[in-house]
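This report concerns only the one structure given below.
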Amino acid sequence: MMTFKAPAAVFAALSVIALSDAGHAGQSYSAGASCSTTSNGSGYCSGSLSGFLASADANAYAAFWNEGATYGVFVAELDGNYYSCTTTSPAEPWFALSAAPPTTSFSISWTSAGTCSVLWMEAGSQYK
Amino acid sequence: MRAVHVLLGVTTMVAIAALAWAGVEHERAQRGRVEALTRSLAEAREELTALRASEPSAPPSPVVIRAPAIDARVADAIASRVLAASDARRRGEAAIAAESTAPTGSQLAARAAAERTLNQAIARGRLTRDEILEVRETLADDPLGRAEFRRQLAVALNQRKLVPDDPRLLMP
């Protein structure tokens, strides 16, 4: 009887391991980092803070900061170019991004006058 | 004598019978009242049960406190005072807002100096760390001036008119 118990235990352990591995399946990717401007200076940046950190550009970064509830600044560097916009009415995502994980996906655009126009953010399990 | 005795006996019997009848009638009337009261109570209980069933969470009736009526002239006087106070407060707030948004002479001078620094940086195509720190100091007490400078700097950066010497220090 003892001879049958050991293989059964091994089989059970392997089954548990296999099931555990299956539980980690799912999408996982970085929101990345990208910025673009038009000739008049309007443009956008999108990606995630961790995406900028993982960029091939050693100087790349992106930052949102605010002074109180009525003023905010976005700055970014990517591939040697600088991007920035300011706002006197930061949208809610502006403050949410400060508390969100750096993997949170965002997209911000601005006008030719340097005013932030649209800020969109998305928190998702797939972003790493 | 015998006739008198008979008459007395008959009268006594009639009186006893009358008293007995009156007692029975009184008891019957009492029983009727008790039954009527019992029926009323039962009906009231049924109505209460039905009411609770139809409105299980009906809130209690609000208590309305009515202010005593006041004379129309007094009401007009109070209203005009309230309007006058409100108008005065509005004028006061507007004056304070205008005063707080209007830059002082020193703020105007600081903004002009910061703008010169930015134009010089644009002419060179570079913004040095010292220039950023200088502007930060110049506009330290002028949040609106600082905001406007940052917006102009953002435009210059987006249009590739300049790059900062130190990527870690971009905004004053």
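Residues in the structure tokens are named by chain (A, B, ... in the order shown) and by number from 1 within that chain; ligands are numbered from 1 in the order shown.
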Item to check | DSSP-assigned strand (DSSP E) members of stretch 36-92 of chain A, reported as a PyMOL selection string | outcome: chain A and resi 36-37+43-48+61-66+72-78+81-87
Can you spit out the residues from that selection as a CSV table (one decimal), in the first residue's frame, using C-alpha atoms?
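Wrote again12.csv, looks like this:
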```csv
chain,number,residue,atom,x,y,z
A,36,SER,CA,4.9,64.1,-30.5
A,37,THR,CA,4.4,67.8,-31.5
A,43,GLY,CA,1.2,67.9,-29.2
A,44,TYR,CA,0.8,65.0,-26.8
A,45,CYS,CA,2.6,62.5,-24.7
A,46,SER,CA,1.3,59.1,-23.8
A,47,GLY,CA,2.5,56.0,-22.0
A,48,SER,CA,3.1,55.5,-18.3
A,61,TYR,CA,11.2,61.2,-17.8
A,62,ALA,CA,7.7,62.4,-17.4
A,63,ALA,CA,6.2,64.3,-14.5
A,64,PHE,CA,3.0,65.9,-13.4
A,65,TRP,CA,3.1,68.3,-10.6
A,66,ASN,CA,0.7,70.8,-9.2
A,72,GLY,CA,-0.5,72.1,-12.8
A,73,VAL,CA,2.6,71.5,-15.0
A,74,PHE,CA,3.5,68.6,-17.1
A,75,VAL,CA,7.0,68.1,-18.3
A,76,ALA,CA,8.6,65.3,-20.2
A,77,GLU,CA,11.9,64.4,-22.0
A,78,LEU,CA,12.1,61.7,-24.6
A,81,ASN,CA,13.2,66.4,-27.0
A,82,TYR,CA,11.4,68.3,-24.3
A,83,TYR,CA,7.6,68.6,-23.9
A,84,SER,CA,5.6,70.7,-21.5
A,85,CYS,CA,2.2,72.2,-20.8
A,86,THR,CA,0.6,74.1,-18.0
A,87,THR,CA,-2.9,74.4,-16.7
```
Checklist entry - Taking only C-alpha atoms into account, which residues of chain B are within 8 Å of chain A, as a VMD selection string? => result chain B and resid 147 150 to 152 154 to 155 157 to 160 163 167 170
Item to check | Atom-to-atom span, atom CA of A:Ser55 and atom CA of B:Ile132, Å | outcome: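 Interatomic distance here is 26.3 Å.
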Item to check | For stretch 138-144 of chain B: contacts at 8 Å, only C-alpha atoms, fewer than 6 positions along chain excluded, given as an MDAnalysis selection string | outcome: chainID B and resid 107 110:111 113:114
Item to check | Shell of 9 Å around A:Val118, only C-alpha atoms, local chain residues under 2 positions omitted, as a list of chain:residue names | outcome: A:Ala91, A:Ser107, A:Ile108, A:Ser109, A:Trp110, A:Cys116, A:Trp120
Item to check | Those of chain A in DSSP helix (DSSP H, G or I), formatted as a PyMOL selection string | outcome: chain A and resi 2-23+49-53+92-99
Store the residues picked out above in a file with N, CA and C atoms, as an mmCIF file, in the first residue's frame.
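Listing of selection-v9.cif after writing:
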```
data_model
loop_
_atom_site.group_PDB
_atom_site.id
_atom_site.type_symbol
_atom_site.label_atom_id
_atom_site.label_comp_id
_atom_site.auth_asym_id
_atom_site.auth_seq_id
_atom_site.Cartn_x
_atom_site.Cartn_y
_atom_site.Cartn_z
ATOM 1 N N MET A 2 1.966 1.238 0.725
ATOM 2 C CA MET A 2 2.839 2.408 0.805
ATOM 3 C C MET A 2 3.421 2.787 -0.544
ATOM 4 N N THR A 3 3.617 1.799 -1.389
ATOM 5 C CA THR A 3 4.232 2.060 -2.698
ATOM 6 C C THR A 3 3.340 2.918 -3.578
ATOM 7 N N PHE A 4 2.027 2.926 -3.351
ATOM 8 C CA PHE A 4 1.119 3.724 -4.171
ATOM 9 C C PHE A 4 0.966 5.170 -3.660
ATOM 10 N N LYS A 5 1.277 5.360 -2.397
ATOM 11 C CA LYS A 5 1.040 6.684 -1.810
ATOM 12 C C LYS A 5 2.017 7.750 -2.324
ATOM 13 N N ALA A 6 3.271 7.378 -2.489
ATOM 14 C CA ALA A 6 4.273 8.364 -2.921
ATOM 15 C C ALA A 6 3.976 8.906 -4.313
ATOM 16 N N PRO A 7 3.725 8.073 -5.320
ATOM 17 C CA PRO A 7 3.394 8.627 -6.639
ATOM 18 C C PRO A 7 2.135 9.491 -6.601
ATOM 19 N N ALA A 8 1.183 9.088 -5.799
ATOM 20 C CA ALA A 8 -0.046 9.889 -5.708
ATOM 21 C C ALA A 8 0.240 11.269 -5.145
ATOM 22 N N ALA A 9 1.097 11.314 -4.139
ATOM 23 C CA ALA A 9 1.444 12.604 -3.545
ATOM 24 C C ALA A 9 2.192 13.480 -4.538
ATOM 25 N N VAL A 10 3.101 12.872 -5.297
ATOM 26 C CA VAL A 10 3.864 13.625 -6.307
ATOM 27 C C VAL A 10 2.916 14.182 -7.376
ATOM 28 N N PHE A 11 1.985 13.339 -7.796
ATOM 29 C CA PHE A 11 1.027 13.768 -8.812
ATOM 30 C C PHE A 11 0.185 14.951 -8.314
ATOM 31 N N ALA A 12 -0.237 14.843 -7.057
ATOM 32 C CA ALA A 12 -1.043 15.922 -6.476
ATOM 33 C C ALA A 12 -0.253 17.226 -6.409
ATOM 34 N N ALA A 13 1.019 17.108 -6.002
ATOM 35 C CA ALA A 13 1.861 18.309 -5.912
ATOM 36 C C ALA A 13 2.061 18.934 -7.280
ATOM 37 N N LEU A 14 2.308 18.107 -8.281
ATOM 38 C CA LEU A 14 2.498 18.627 -9.642
ATOM 39 C C LEU A 14 1.226 19.306 -10.150
ATOM 40 N N SER A 15 0.082 18.727 -9.798
ATOM 41 C CA SER A 15 -1.186 19.320 -10.223
ATOM 42 C C SER A 15 -1.360 20.710 -9.621
ATOM 43 N N VAL A 16 -1.016 20.845 -8.344
ATOM 44 C CA VAL A 16 -1.136 22.133 -7.667
ATOM 45 C C VAL A 16 -0.225 23.165 -8.324
ATOM 46 N N ILE A 17 1.014 22.721 -8.631
ATOM 47 C CA ILE A 17 1.971 23.638 -9.282
ATOM 48 C C ILE A 17 1.447 24.064 -10.647
ATOM 49 N N ALA A 18 0.924 23.088 -11.397
ATOM 50 C CA ALA A 18 0.415 23.411 -12.729
ATOM 51 C C ALA A 18 -0.740 24.393 -12.635
ATOM 52 N N LEU A 19 -1.625 24.180 -11.682
ATOM 53 C CA LEU A 19 -2.769 25.092 -11.520
ATOM 54 C C LEU A 19 -2.304 26.478 -11.105
ATOM 55 N N SER A 20 -1.287 26.529 -10.229
ATOM 56 C CA SER A 20 -0.766 27.815 -9.782
ATOM 57 C C SER A 20 -0.196 28.595 -10.957
ATOM 58 N N ASP A 21 0.529 27.919 -11.822
ATOM 59 C CA ASP A 21 1.103 28.592 -12.991
ATOM 60 C C ASP A 21 0.001 29.129 -13.896
ATOM 61 N N ALA A 22 -1.058 28.310 -14.031
ATOM 62 C CA ALA A 22 -2.160 28.741 -14.892
ATOM 63 C C ALA A 22 -2.799 30.013 -14.327
ATOM 64 N N GLY A 23 -2.800 30.217 -13.003
ATOM 65 C CA GLY A 23 -3.388 31.394 -12.377
ATOM 66 C C GLY A 23 -2.643 32.674 -12.686
ATOM 67 N N LEU A 49 4.396 56.386 -16.519
ATOM 68 C CA LEU A 49 5.615 56.889 -15.869
ATOM 69 C C LEU A 49 6.685 55.796 -15.879
ATOM 70 N N SER A 50 6.271 54.548 -15.628
ATOM 71 C CA SER A 50 7.243 53.449 -15.661
ATOM 72 C C SER A 50 7.723 53.201 -17.088
ATOM 73 N N GLY A 51 6.864 53.508 -18.059
ATOM 74 C CA GLY A 51 7.264 53.368 -19.455
ATOM 75 C C GLY A 51 8.366 54.355 -19.815
ATOM 76 N N PHE A 52 8.261 55.587 -19.323
ATOM 77 C CA PHE A 52 9.323 56.571 -19.552
ATOM 78 C C PHE A 52 10.606 56.119 -18.859
ATOM 79 N N LEU A 53 10.435 55.560 -17.652
ATOM 80 C CA LEU A 53 11.603 55.102 -16.900
ATOM 81 C C LEU A 53 12.310 53.967 -17.645
ATOM 82 N N GLU A 92 -9.322 66.115 -12.765
ATOM 83 C CA GLU A 92 -9.228 65.123 -11.679
ATOM 84 C C GLU A 92 -8.121 64.093 -11.887
ATOM 85 N N PRO A 93 -7.958 63.563 -13.123
ATOM 86 C CA PRO A 93 -6.901 62.572 -13.307
ATOM 87 C C PRO A 93 -5.510 63.083 -12.919
ATOM 88 N N TRP A 94 -5.357 64.406 -12.975
ATOM 89 C CA TRP A 94 -4.068 64.999 -12.628
ATOM 90 C C TRP A 94 -3.673 64.598 -11.207
ATOM 91 N N PHE A 95 -4.649 64.693 -10.312
ATOM 92 C CA PHE A 95 -4.380 64.366 -8.910
ATOM 93 C C PHE A 95 -4.398 62.852 -8.700
ATOM 94 N N ALA A 96 -5.240 62.170 -9.461
ATOM 95 C CA ALA A 96 -5.316 60.711 -9.336
ATOM 96 C C ALA A 96 -3.994 60.076 -9.759
ATOM 97 N N LEU A 97 -3.346 60.678 -10.775
ATOM 98 C CA LEU A 97 -2.083 60.105 -11.260
ATOM 99 C C LEU A 97 -1.002 60.147 -10.177
ATOM 100 N N SER A 98 -1.078 61.155 -9.330
ATOM 101 C CA SER A 98 -0.073 61.264 -8.270
ATOM 102 C C SER A 98 -0.140 60.071 -7.320
ATOM 103 N N ALA A 99 -1.346 59.542 -7.126
ATOM 104 C CA ALA A 99 -1.514 58.425 -6.199
ATOM 105 C C ALA A 99 -1.554 57.080 -6.918
#
```
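Reported to one decimal place, the separation of atom CA of B:Pro164 from atom CA of B:Ile122 is 10.3 Å.
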